[in-house]
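Working notes, structure below.
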Protein chains: 2
Amino acid sequence: MELPSKLLEKAVSEISQLPGIGKRTALRLALHLLKQPEDQTQMLSNALTSLRENVKYCKSCYNISDNEICEICSNPNRDESIICVVEDVRDVMAIESTGIFNGLYHVLGGKINPIEGIGPSQLNISTLVDKINLGEVREIIFALSSTMEGDTTNFYIYKQIKDSKIKTSTIARGIAVGDELEYADEVTLGRSLINRIPYENGLKI
Amino acid sequence: MELPSKLLEKAVSEISQLPGIGKRTALRLALHLLKQPEDQTQMLSNALTSLRENVKYCKSCYNISDNEICEICSNPNRDESIICVVEDVRDVMAIESTGIFNGLYHVLGGKINPIEGIGPSQLNISTLVDKINLGEVREIIFALSSTMEGDTTNFYIYKQIKDSKIKTSTIARGIAVGDELEYADEVTLGRSLINRIPYENGLKI
């Protein structure tokens, strides 16, 4: 694909660095911006720069925040003795939207992934261990995705904190609500049989 | 979806103004940029601003160009007497990649679309008519997409130039090369029957 202008080429090449956006989509987006008023591009580009330059992370849980301590960590109504360990900000948002969880979070910022060169030291793991060693946490819930990297990260953290003898759990894996059994994969179905839950007068939730 | 930070909210809202990008994708892109080195965001945002501020359009055909007159219009080997009328820059690139066409282009910058408030005066139509009135153009090829807006635009231009008695044509509509007949829609199949081409010792291309 030969572009008629160096400026356009540069913009397309930068846009296509974004995940899931190829050269063609990048070109479509660049041409779209050219058809819009100039201040739309200016606002987009300012918003991106300002996000990248001024973003703050909560000093306690590493969630993105406008303040030193995020709204969740500073909320006196939340239970500080339960910490849910998640990979990134989107997971916090997903769990918050259930309205079920009333504890605090700890955002790792990724999962241990040797192939991509991400080791434990690049994640917010040591601060989690420090937090637990203070002795005020009663339970840790691992809510990482159930991939090899997620399981490795769970296990790495578990080894670091198992001496503290606090309760550790992981979110349940099973058939999604509304899903048909016949389409479930064997591993999920198998796990949902092993981890079956008592049924009396219906489920609790 | 409640975001934990105003900066992030602003960035997500700006990114999701782009066509085909919803709030979720916008959030994924914003979080991706946060994980990358700061200069990647800086380069993206500079490339966008600089494209929007400094983009030039060829004074003859309105293709995007780095110079006053684009490389195609200034190429002495191209046939100036045939002009292919297209909607935007991507169409020029698509036709150029076939290697079949050796004339010049005229980029309209859109199609007549009353619903979106785009009338003939917002498109580069009058300059095309002026070009034809100079008397050096022998043929006009309409290569707009075959939608109602495309057909309207073709017809509008045709009415403006029909007195000049130059040859006008439109690109052939028919079954795409490699496509199965049974999956073609009736209109396309019908048109390809009406506009059938002589077959002797195989097709020419």
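Convention: chains lettered A, B, ... in structure tokens order; per-chain residue numbering from 1; ligands numbered from 1 as shown.
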Members of range 22-103 of chain A assigned strand (DSSP E or B) by DSSP, as a ChimeraX atom specification:
/A:56-57,64-65,79-86,103
Applying 10 Å and only C-alpha atoms, which residues near range 20-27 of chain B remain after dropping the ones on its own chain fewer than 5 positions away? List them as a list of chain:residue names.
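That gives A:Pro19, A:Gly20, A:Thr25, A:Arg28, A:Leu29, A:Val89, A:Arg90, B:Met1, B:Leu3, B:Leu8, B:Glu9, B:Ala11, B:Val12, B:Ser13, B:Glu14, B:Ile15, B:His32, B:Leu33.
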Could those selected residues go to a file with N, CA and C atoms, as a PDB file, in the first residue's frame?
```pdb
ATOM      1  N   PRO A  19      -2.929  -1.793  19.329  1.00  0.00           N
ATOM      2  CA  PRO A  19      -3.295  -3.202  19.199  1.00  0.00           C
ATOM      3  C   PRO A  19      -4.618  -3.380  18.454  1.00  0.00           C
ATOM      4  N   GLY A  20      -4.635  -4.324  17.525  1.00  0.00           N
ATOM      5  CA  GLY A  20      -5.870  -4.629  16.803  1.00  0.00           C
ATOM      6  C   GLY A  20      -6.165  -3.670  15.671  1.00  0.00           C
ATOM      7  N   THR A  25      -7.187   0.015   8.565  1.00  0.00           N
ATOM      8  CA  THR A  25      -8.022   0.723   9.538  1.00  0.00           C
ATOM      9  C   THR A  25      -7.360   2.042   9.917  1.00  0.00           C
ATOM     10  N   ARG A  28      -8.078   4.536   7.371  1.00  0.00           N
ATOM     11  CA  ARG A  28      -9.464   4.982   7.462  1.00  0.00           C
ATOM     12  C   ARG A  28      -9.614   6.015   8.592  1.00  0.00           C
ATOM     13  N   LEU A  29      -8.966   5.746   9.732  1.00  0.00           N
ATOM     14  CA  LEU A  29      -9.062   6.669  10.863  1.00  0.00           C
ATOM     15  C   LEU A  29      -8.387   7.999  10.533  1.00  0.00           C
ATOM     16  N   VAL A  89      -6.790  -2.430  35.328  1.00  0.00           N
ATOM     17  CA  VAL A  89      -7.885  -1.532  35.669  1.00  0.00           C
ATOM     18  C   VAL A  89      -9.239  -2.028  35.160  1.00  0.00           C
ATOM     19  N   ARG A  90      -9.218  -2.655  33.959  1.00  0.00           N
ATOM     20  CA  ARG A  90     -10.481  -3.109  33.396  1.00  0.00           C
ATOM     21  C   ARG A  90     -11.127  -4.172  34.270  1.00  0.00           C
TER      22      ARG A  90
ATOM     23  N   MET B   1     -20.441   2.081  32.261  1.00  0.00           N
ATOM     24  CA  MET B   1     -19.013   1.854  32.554  1.00  0.00           C
ATOM     25  C   MET B   1     -18.455   3.087  33.261  1.00  0.00           C
ATOM     26  N   LEU B   3     -15.441   5.043  34.861  1.00  0.00           N
ATOM     27  CA  LEU B   3     -13.978   5.018  34.838  1.00  0.00           C
ATOM     28  C   LEU B   3     -13.419   5.656  36.099  1.00  0.00           C
ATOM     29  N   LEU B   8      -8.573   9.595  32.150  1.00  0.00           N
ATOM     30  CA  LEU B   8      -8.845   8.400  31.371  1.00  0.00           C
ATOM     31  C   LEU B   8     -10.189   8.542  30.660  1.00  0.00           C
ATOM     32  N   GLU B   9     -11.158   9.103  31.376  1.00  0.00           N
ATOM     33  CA  GLU B   9     -12.495   9.310  30.816  1.00  0.00           C
ATOM     34  C   GLU B   9     -12.433  10.204  29.578  1.00  0.00           C
ATOM     35  N   ALA B  11      -9.798  10.768  27.637  1.00  0.00           N
ATOM     36  CA  ALA B  11      -9.095  10.077  26.543  1.00  0.00           C
ATOM     37  C   ALA B  11     -10.017   9.065  25.875  1.00  0.00           C
ATOM     38  N   VAL B  12     -10.751   8.296  26.688  1.00  0.00           N
ATOM     39  CA  VAL B  12     -11.659   7.289  26.143  1.00  0.00           C
ATOM     40  C   VAL B  12     -12.744   7.962  25.316  1.00  0.00           C
ATOM     41  N   SER B  13     -13.250   9.078  25.814  1.00  0.00           N
ATOM     42  CA  SER B  13     -14.341   9.731  25.084  1.00  0.00           C
ATOM     43  C   SER B  13     -13.828  10.289  23.741  1.00  0.00           C
ATOM     44  N   GLU B  14     -12.599  10.791  23.708  1.00  0.00           N
ATOM     45  CA  GLU B  14     -12.055  11.296  22.443  1.00  0.00           C
ATOM     46  C   GLU B  14     -11.754  10.156  21.457  1.00  0.00           C
ATOM     47  N   ILE B  15     -11.159   9.076  21.979  1.00  0.00           N
ATOM     48  CA  ILE B  15     -10.818   7.960  21.079  1.00  0.00           C
ATOM     49  C   ILE B  15     -12.094   7.355  20.495  1.00  0.00           C
ATOM     50  N   HIS B  32      -3.486   0.525  26.721  1.00  0.00           N
ATOM     51  CA  HIS B  32      -2.293   0.066  26.002  1.00  0.00           C
ATOM     52  C   HIS B  32      -1.242   1.165  25.968  1.00  0.00           C
ATOM     53  N   LEU B  33      -1.684   2.393  25.635  1.00  0.00           N
ATOM     54  CA  LEU B  33      -0.731   3.507  25.564  1.00  0.00           C
ATOM     55  C   LEU B  33      -0.064   3.745  26.921  1.00  0.00           C
TER      56      LEU B  33
END
```
Which distance in Å separates CA of Ile140 in chain A and CA of Ser121 in chain A, to one decimal?
19.9 Å
Taking only C-alpha atoms into account, what are the residues of chain B at most 6 Å from chain A, put as number ranges by chain?
B: 4-5, 7, 11, 14, 34, 44-45, 47-48, 51-52, 65-66
Could you take the residues named above and write them with N, CA, C and O atoms, as a short mmCIF file (atom, residue, chain, number, x, y, z; two decimals), in the first residue's frame?
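The resulting file, out-v4.cif, is reproduced below:
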```
data_model
loop_
_atom_site.label_atom_id
_atom_site.label_comp_id
_atom_site.auth_asym_id
_atom_site.auth_seq_id
_atom_site.Cartn_x
_atom_site.Cartn_y
_atom_site.Cartn_z
N PRO B 4 -12.26 5.16 36.55
CA PRO B 4 -11.74 5.63 37.84
C PRO B 4 -11.04 6.99 37.78
O PRO B 4 -10.62 7.49 38.81
N SER B 5 -10.89 7.57 36.58
CA SER B 5 -10.14 8.83 36.50
C SER B 5 -10.68 9.71 35.39
O SER B 5 -11.07 9.23 34.32
N LEU B 7 -9.03 11.90 33.60
CA LEU B 7 -8.09 11.93 32.47
C LEU B 7 -8.37 10.76 31.53
O LEU B 7 -8.39 10.91 30.31
N ALA B 11 -9.80 10.77 27.64
CA ALA B 11 -9.09 10.08 26.54
C ALA B 11 -10.02 9.07 25.88
O ALA B 11 -10.11 9.00 24.65
N GLU B 14 -12.60 10.79 23.71
CA GLU B 14 -12.06 11.30 22.44
C GLU B 14 -11.75 10.16 21.46
O GLU B 14 -12.05 10.25 20.28
N LEU B 34 -0.83 3.54 28.00
CA LEU B 34 -0.26 3.75 29.34
C LEU B 34 0.85 2.75 29.64
O LEU B 34 1.74 3.03 30.44
N LEU B 44 2.53 9.49 18.45
CA LEU B 44 1.20 9.33 17.86
C LEU B 44 0.49 10.67 17.83
O LEU B 44 -0.04 11.10 16.80
N SER B 45 0.54 11.36 18.94
CA SER B 45 -0.23 12.59 19.03
C SER B 45 0.37 13.68 18.14
O SER B 45 -0.35 14.44 17.49
N ALA B 47 2.01 13.06 15.31
CA ALA B 47 1.73 12.67 13.93
C ALA B 47 0.32 13.08 13.53
O ALA B 47 0.09 13.57 12.42
N LEU B 48 -0.63 12.92 14.46
CA LEU B 48 -2.02 13.28 14.17
C LEU B 48 -2.15 14.79 13.99
O LEU B 48 -2.74 15.27 13.02
N LEU B 51 -0.40 15.93 10.81
CA LEU B 51 -1.17 15.55 9.62
C LEU B 51 -2.31 16.54 9.40
O LEU B 51 -2.49 17.09 8.31
N ARG B 52 -3.06 16.78 10.50
CA ARG B 52 -4.25 17.62 10.36
C ARG B 52 -3.89 19.06 10.02
O ARG B 52 -4.59 19.73 9.25
N SER B 65 -1.31 15.16 -0.88
CA SER B 65 0.00 15.23 -1.52
C SER B 65 0.96 16.01 -0.63
O SER B 65 0.54 16.79 0.23
N ASP B 66 2.26 15.81 -0.80
CA ASP B 66 3.23 16.62 -0.06
C ASP B 66 3.57 17.89 -0.82
O ASP B 66 4.18 18.80 -0.28
#
```
Could you tell me how far CA of Tyr105 in chain A sits from CA of Ile69 in chain A, in Å to one decimal place?
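These atoms are spaced 12.1 Å apart.
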